[in-house]
Amino acid sequence: MKIKEGFELRDICGENIVIGHGLENIDFTKVISMNESAADVWHGVEGKDFTLDDMVKVLTDNYEVDEETARRDCEKLLADWREAGFLA
């Protein structure tokens, strides 16, 4: 899977917010604010094809978290991204 082109994670007033470029991407009912670890996952996988395992690796490499907890968190994050339409 891959993050769709046209979406960008930006720091807006201290909040990590995904914004869409282009009229087809604008749907303000699907604005997502991310905490720092979710933003790190985004930056770790943006611009390339990735798997759930790639997302988990970003968390386990950068935070003191066990793989099981990281996997659960990434599964939830992935579901949020799918629901918001961020994935190609």
# chains A, B, ... in the order shown; residues from 1 in each chain; ligands from 1
call {"tool": "residues_around", "arguments": {"residues": "Met1 of chain A", "least_positions_apart": "3", "cutoff": "12 Å", "atoms": "only C-alpha atoms", "output": "list in words"}}
result
Lys4, Val45, Glu46, Gly47, Lys48, Asp49, Phe50, Thr51, Leu52, Asp53, Asp54, Met55, Leu78, Trp81, Arg82, Phe86, Leu87 and Ala88 of chain A
call {"tool": "write_last_selection", "arguments": {"atoms": "C-alpha atoms", "output": "short mmCIF file (atom, residue, chain, number, x, y, z; two decimals), in the first residue's frame"}}
result
data_model
loop_
_atom_site.label_atom_id
_atom_site.label_comp_id
_atom_site.auth_asym_id
_atom_site.auth_seq_id
_atom_site.Cartn_x
_atom_site.Cartn_y
_atom_site.Cartn_z
CA LYS A 4 -2.07 8.67 -1.93
CA VAL A 45 6.46 5.32 5.09
CA GLU A 46 5.47 8.30 2.94
CA GLY A 47 6.56 8.26 -0.67
CA LYS A 48 7.04 4.50 -0.87
CA ASP A 49 5.13 1.23 -0.89
CA PHE A 50 4.85 -0.12 2.64
CA THR A 51 3.34 -2.90 4.73
CA LEU A 52 2.02 -3.12 8.25
CA ASP A 53 5.39 -4.62 9.22
CA ASP A 54 7.14 -1.49 7.88
CA MET A 55 4.92 0.67 10.08
CA LEU A 78 -3.91 1.95 9.30
CA TRP A 81 -5.91 6.12 7.30
CA ARG A 82 -8.06 3.78 5.17
CA PHE A 86 -5.32 8.43 2.57
CA LEU A 87 -4.20 5.10 1.04
CA ALA A 88 -3.82 4.10 -2.58
#
call {"tool": "residues_around", "arguments": {"residues": "Phe7 of chain A", "least_positions_apart": "5", "cutoff": "9 Å", "atoms": "only C-alpha atoms", "output": "count of residues only"}}
result
6
call {"tool": "residues_around", "arguments": {"residues": "Asn16 of chain A", "least_positions_apart": "4", "cutoff": "10 Å", "atoms": "only C-alpha atoms", "output": "PyMOL selection string"}}
result
chain A and resi 9-12+32-36+38-39
call {"tool": "write_last_selection", "arguments": {"atoms": "C-alpha atoms", "output": "compact mmCIF listing (two decimals), in the first residue's frame"}}
result
# COMPACT_ATOMS: atom_id res chain seq x y z
CA LEU A 9 1.39 15.85 6.95
CA ARG A 10 2.02 19.37 8.22
CA ASP A 11 2.68 20.94 11.58
CA ILE A 12 -0.04 23.53 12.02
CA ILE A 32 -6.85 13.69 10.99
CA SER A 33 -4.65 15.07 13.72
CA MET A 34 -1.81 12.75 14.69
CA ASN A 35 0.31 12.45 17.79
CA GLU A 36 4.10 12.44 17.44
CA ALA A 38 1.76 8.46 14.41
CA ALA A 39 3.44 11.35 12.58
call {"tool": "atom_distance", "arguments": {"atom1": "atom CA of Lys57 of chain A", "atom2": "atom CA of Arg72 of chain A"}}
result
12.5 Å
call {"tool": "select_by_dssp", "arguments": {"residues": "chain A", "states": "alpha helix (DSSP H)", "output": "ChimeraX atom specification"}}
result
/A:36-45,52-62,67-84
call {"tool": "select_by_dssp", "arguments": {"residues": "segment 19-87 of chain A", "states": "strand (DSSP E)", "output": "list of chain:residue names"}}
result
A:Ile19, A:Gly20, A:Ser33, A:Met34
call {"tool": "write_last_selection", "arguments": {"atoms": "all heavy atoms", "output": "PDB file, in the first residue's frame"}}
result
ATOM      1  N   ILE A  19      -3.218  17.282   5.374  1.00  0.00           N
ATOM      2  CA  ILE A  19      -3.978  18.148   4.490  1.00  0.00           C
ATOM      3  C   ILE A  19      -3.954  17.559   3.091  1.00  0.00           C
ATOM      4  O   ILE A  19      -3.045  16.816   2.731  1.00  0.00           O
ATOM      5  CB  ILE A  19      -3.428  19.596   4.477  1.00  0.00           C
ATOM      6  CG1 ILE A  19      -1.978  19.625   3.991  1.00  0.00           C
ATOM      7  CG2 ILE A  19      -3.554  20.237   5.841  1.00  0.00           C
ATOM      8  CD1 ILE A  19      -1.468  21.015   3.683  1.00  0.00           C
ATOM      9  N   GLY A  20      -4.978  17.862   2.318  1.00  0.00           N
ATOM     10  CA  GLY A  20      -5.067  17.390   0.945  1.00  0.00           C
ATOM     11  C   GLY A  20      -4.880  18.526  -0.029  1.00  0.00           C
ATOM     12  O   GLY A  20      -5.383  19.621   0.191  1.00  0.00           O
ATOM     13  N   SER A  33      -5.750  14.530  12.930  1.00  0.00           N
ATOM     14  CA  SER A  33      -4.648  15.072  13.716  1.00  0.00           C
ATOM     15  C   SER A  33      -3.912  13.874  14.303  1.00  0.00           C
ATOM     16  O   SER A  33      -4.541  12.944  14.812  1.00  0.00           O
ATOM     17  CB  SER A  33      -5.207  15.958  14.834  1.00  0.00           C
ATOM     18  OG  SER A  33      -4.174  16.361  15.690  1.00  0.00           O
ATOM     19  N   MET A  34      -2.597  13.885  14.214  1.00  0.00           N
ATOM     20  CA  MET A  34      -1.809  12.748  14.690  1.00  0.00           C
ATOM     21  C   MET A  34      -0.889  13.155  15.828  1.00  0.00           C
ATOM     22  O   MET A  34      -0.355  14.256  15.830  1.00  0.00           O
ATOM     23  CB  MET A  34      -0.948  12.199  13.555  1.00  0.00           C
ATOM     24  CG  MET A  34      -1.721  11.588  12.430  1.00  0.00           C
ATOM     25  SD  MET A  34      -0.576  10.831  11.266  1.00  0.00           S
ATOM     26  CE  MET A  34      -1.555  10.888   9.799  1.00  0.00           C
TER      27      MET A  34
END
call {"tool": "atom_distance", "arguments": {"atom1": "atom CA of Asp66 of chain A", "atom2": "atom CA of Lys2 of chain A"}}
result
24.6 Å
call {"tool": "decode", "arguments": {"residues": "segment 33-51 of chain A", "atoms": "N, CA, C and O atoms", "output": "PDB file, in the first residue's frame"}}
result
ATOM      1  N   SER A  33      -5.750  14.530  12.930  1.00  0.00           N
ATOM      2  CA  SER A  33      -4.648  15.072  13.716  1.00  0.00           C
ATOM      3  C   SER A  33      -3.912  13.874  14.303  1.00  0.00           C
ATOM      4  O   SER A  33      -4.541  12.944  14.812  1.00  0.00           O
ATOM      5  N   MET A  34      -2.597  13.885  14.214  1.00  0.00           N
ATOM      6  CA  MET A  34      -1.809  12.748  14.690  1.00  0.00           C
ATOM      7  C   MET A  34      -0.889  13.155  15.828  1.00  0.00           C
ATOM      8  O   MET A  34      -0.355  14.256  15.830  1.00  0.00           O
ATOM      9  N   ASN A  35      -0.694  12.214  16.753  1.00  0.00           N
ATOM     10  CA  ASN A  35       0.309  12.452  17.795  1.00  0.00           C
ATOM     11  C   ASN A  35       1.693  12.255  17.169  1.00  0.00           C
ATOM     12  O   ASN A  35       1.821  11.895  16.001  1.00  0.00           O
ATOM     13  N   GLU A  36       2.731  12.496  17.971  1.00  0.00           N
ATOM     14  CA  GLU A  36       4.098  12.443  17.440  1.00  0.00           C
ATOM     15  C   GLU A  36       4.469  11.063  16.888  1.00  0.00           C
ATOM     16  O   GLU A  36       5.114  10.960  15.848  1.00  0.00           O
ATOM     17  N   SER A  37       4.080   9.998  17.580  1.00  0.00           N
ATOM     18  CA  SER A  37       4.472   8.669  17.102  1.00  0.00           C
ATOM     19  C   SER A  37       3.754   8.327  15.795  1.00  0.00           C
ATOM     20  O   SER A  37       4.365   7.748  14.885  1.00  0.00           O
ATOM     21  N   ALA A  38       2.489   8.702  15.660  1.00  0.00           N
ATOM     22  CA  ALA A  38       1.764   8.463  14.407  1.00  0.00           C
ATOM     23  C   ALA A  38       2.384   9.285  13.282  1.00  0.00           C
ATOM     24  O   ALA A  38       2.516   8.799  12.150  1.00  0.00           O
ATOM     25  N   ALA A  39       2.780  10.517  13.581  1.00  0.00           N
ATOM     26  CA  ALA A  39       3.441  11.354  12.580  1.00  0.00           C
ATOM     27  C   ALA A  39       4.781  10.739  12.161  1.00  0.00           C
ATOM     28  O   ALA A  39       5.134  10.770  10.981  1.00  0.00           O
ATOM     29  N   ASP A  40       5.492  10.160  13.108  1.00  0.00           N
ATOM     30  CA  ASP A  40       6.757   9.486  12.773  1.00  0.00           C
ATOM     31  C   ASP A  40       6.516   8.308  11.837  1.00  0.00           C
ATOM     32  O   ASP A  40       7.294   8.081  10.902  1.00  0.00           O
ATOM     33  N   VAL A  41       5.437   7.564  12.069  1.00  0.00           N
ATOM     34  CA  VAL A  41       5.100   6.451  11.176  1.00  0.00           C
ATOM     35  C   VAL A  41       4.805   6.995   9.779  1.00  0.00           C
ATOM     36  O   VAL A  41       5.306   6.475   8.779  1.00  0.00           O
ATOM     37  N   TRP A  42       3.998   8.051   9.699  1.00  0.00           N
ATOM     38  CA  TRP A  42       3.684   8.673   8.403  1.00  0.00           C
ATOM     39  C   TRP A  42       4.970   9.025   7.664  1.00  0.00           C
ATOM     40  O   TRP A  42       5.158   8.650   6.511  1.00  0.00           O
ATOM     41  N   HIS A  43       5.853   9.756   8.342  1.00  0.00           N
ATOM     42  CA  HIS A  43       7.099  10.179   7.697  1.00  0.00           C
ATOM     43  C   HIS A  43       7.976   8.977   7.330  1.00  0.00           C
ATOM     44  O   HIS A  43       8.699   9.021   6.333  1.00  0.00           O
ATOM     45  N   GLY A  44       7.885   7.908   8.111  1.00  0.00           N
ATOM     46  CA  GLY A  44       8.682   6.714   7.840  1.00  0.00           C
ATOM     47  C   GLY A  44       8.237   5.930   6.625  1.00  0.00           C
ATOM     48  O   GLY A  44       9.027   5.170   6.054  1.00  0.00           O
ATOM     49  N   VAL A  45       6.982   6.106   6.213  1.00  0.00           N
ATOM     50  CA  VAL A  45       6.464   5.317   5.085  1.00  0.00           C
ATOM     51  C   VAL A  45       6.032   6.160   3.889  1.00  0.00           C
ATOM     52  O   VAL A  45       5.771   5.618   2.824  1.00  0.00           O
ATOM     53  N   GLU A  46       5.971   7.472   4.049  1.00  0.00           N
ATOM     54  CA  GLU A  46       5.473   8.296   2.940  1.00  0.00           C
ATOM     55  C   GLU A  46       6.403   8.232   1.740  1.00  0.00           C
ATOM     56  O   GLU A  46       7.621   8.099   1.873  1.00  0.00           O
ATOM     57  N   GLY A  47       5.794   8.262   0.570  1.00  0.00           N
ATOM     58  CA  GLY A  47       6.562   8.261  -0.670  1.00  0.00           C
ATOM     59  C   GLY A  47       7.027   6.899  -1.128  1.00  0.00           C
ATOM     60  O   GLY A  47       7.764   6.799  -2.105  1.00  0.00           O
ATOM     61  N   LYS A  48       6.610   5.834  -0.453  1.00  0.00           N
ATOM     62  CA  LYS A  48       7.037   4.496  -0.871  1.00  0.00           C
ATOM     63  C   LYS A  48       5.948   3.481  -0.551  1.00  0.00           C
ATOM     64  O   LYS A  48       5.054   3.731   0.252  1.00  0.00           O
ATOM     65  N   ASP A  49       6.029   2.333  -1.222  1.00  0.00           N
ATOM     66  CA  ASP A  49       5.133   1.232  -0.887  1.00  0.00           C
ATOM     67  C   ASP A  49       5.534   0.702   0.475  1.00  0.00           C
ATOM     68  O   ASP A  49       6.724   0.613   0.784  1.00  0.00           O
ATOM     69  N   PHE A  50       4.539   0.369   1.306  1.00  0.00           N
ATOM     70  CA  PHE A  50       4.849  -0.122   2.644  1.00  0.00           C
ATOM     71  C   PHE A  50       3.834  -1.165   3.081  1.00  0.00           C
ATOM     72  O   PHE A  50       2.770  -1.308   2.490  1.00  0.00           O
ATOM     73  N   THR A  51       4.208  -1.881   4.128  1.00  0.00           N
ATOM     74  CA  THR A  51       3.343  -2.897   4.727  1.00  0.00           C
ATOM     75  C   THR A  51       3.113  -2.537   6.195  1.00  0.00           C
ATOM     76  O   THR A  51       3.769  -1.637   6.739  1.00  0.00           O
TER      77      THR A  51
END
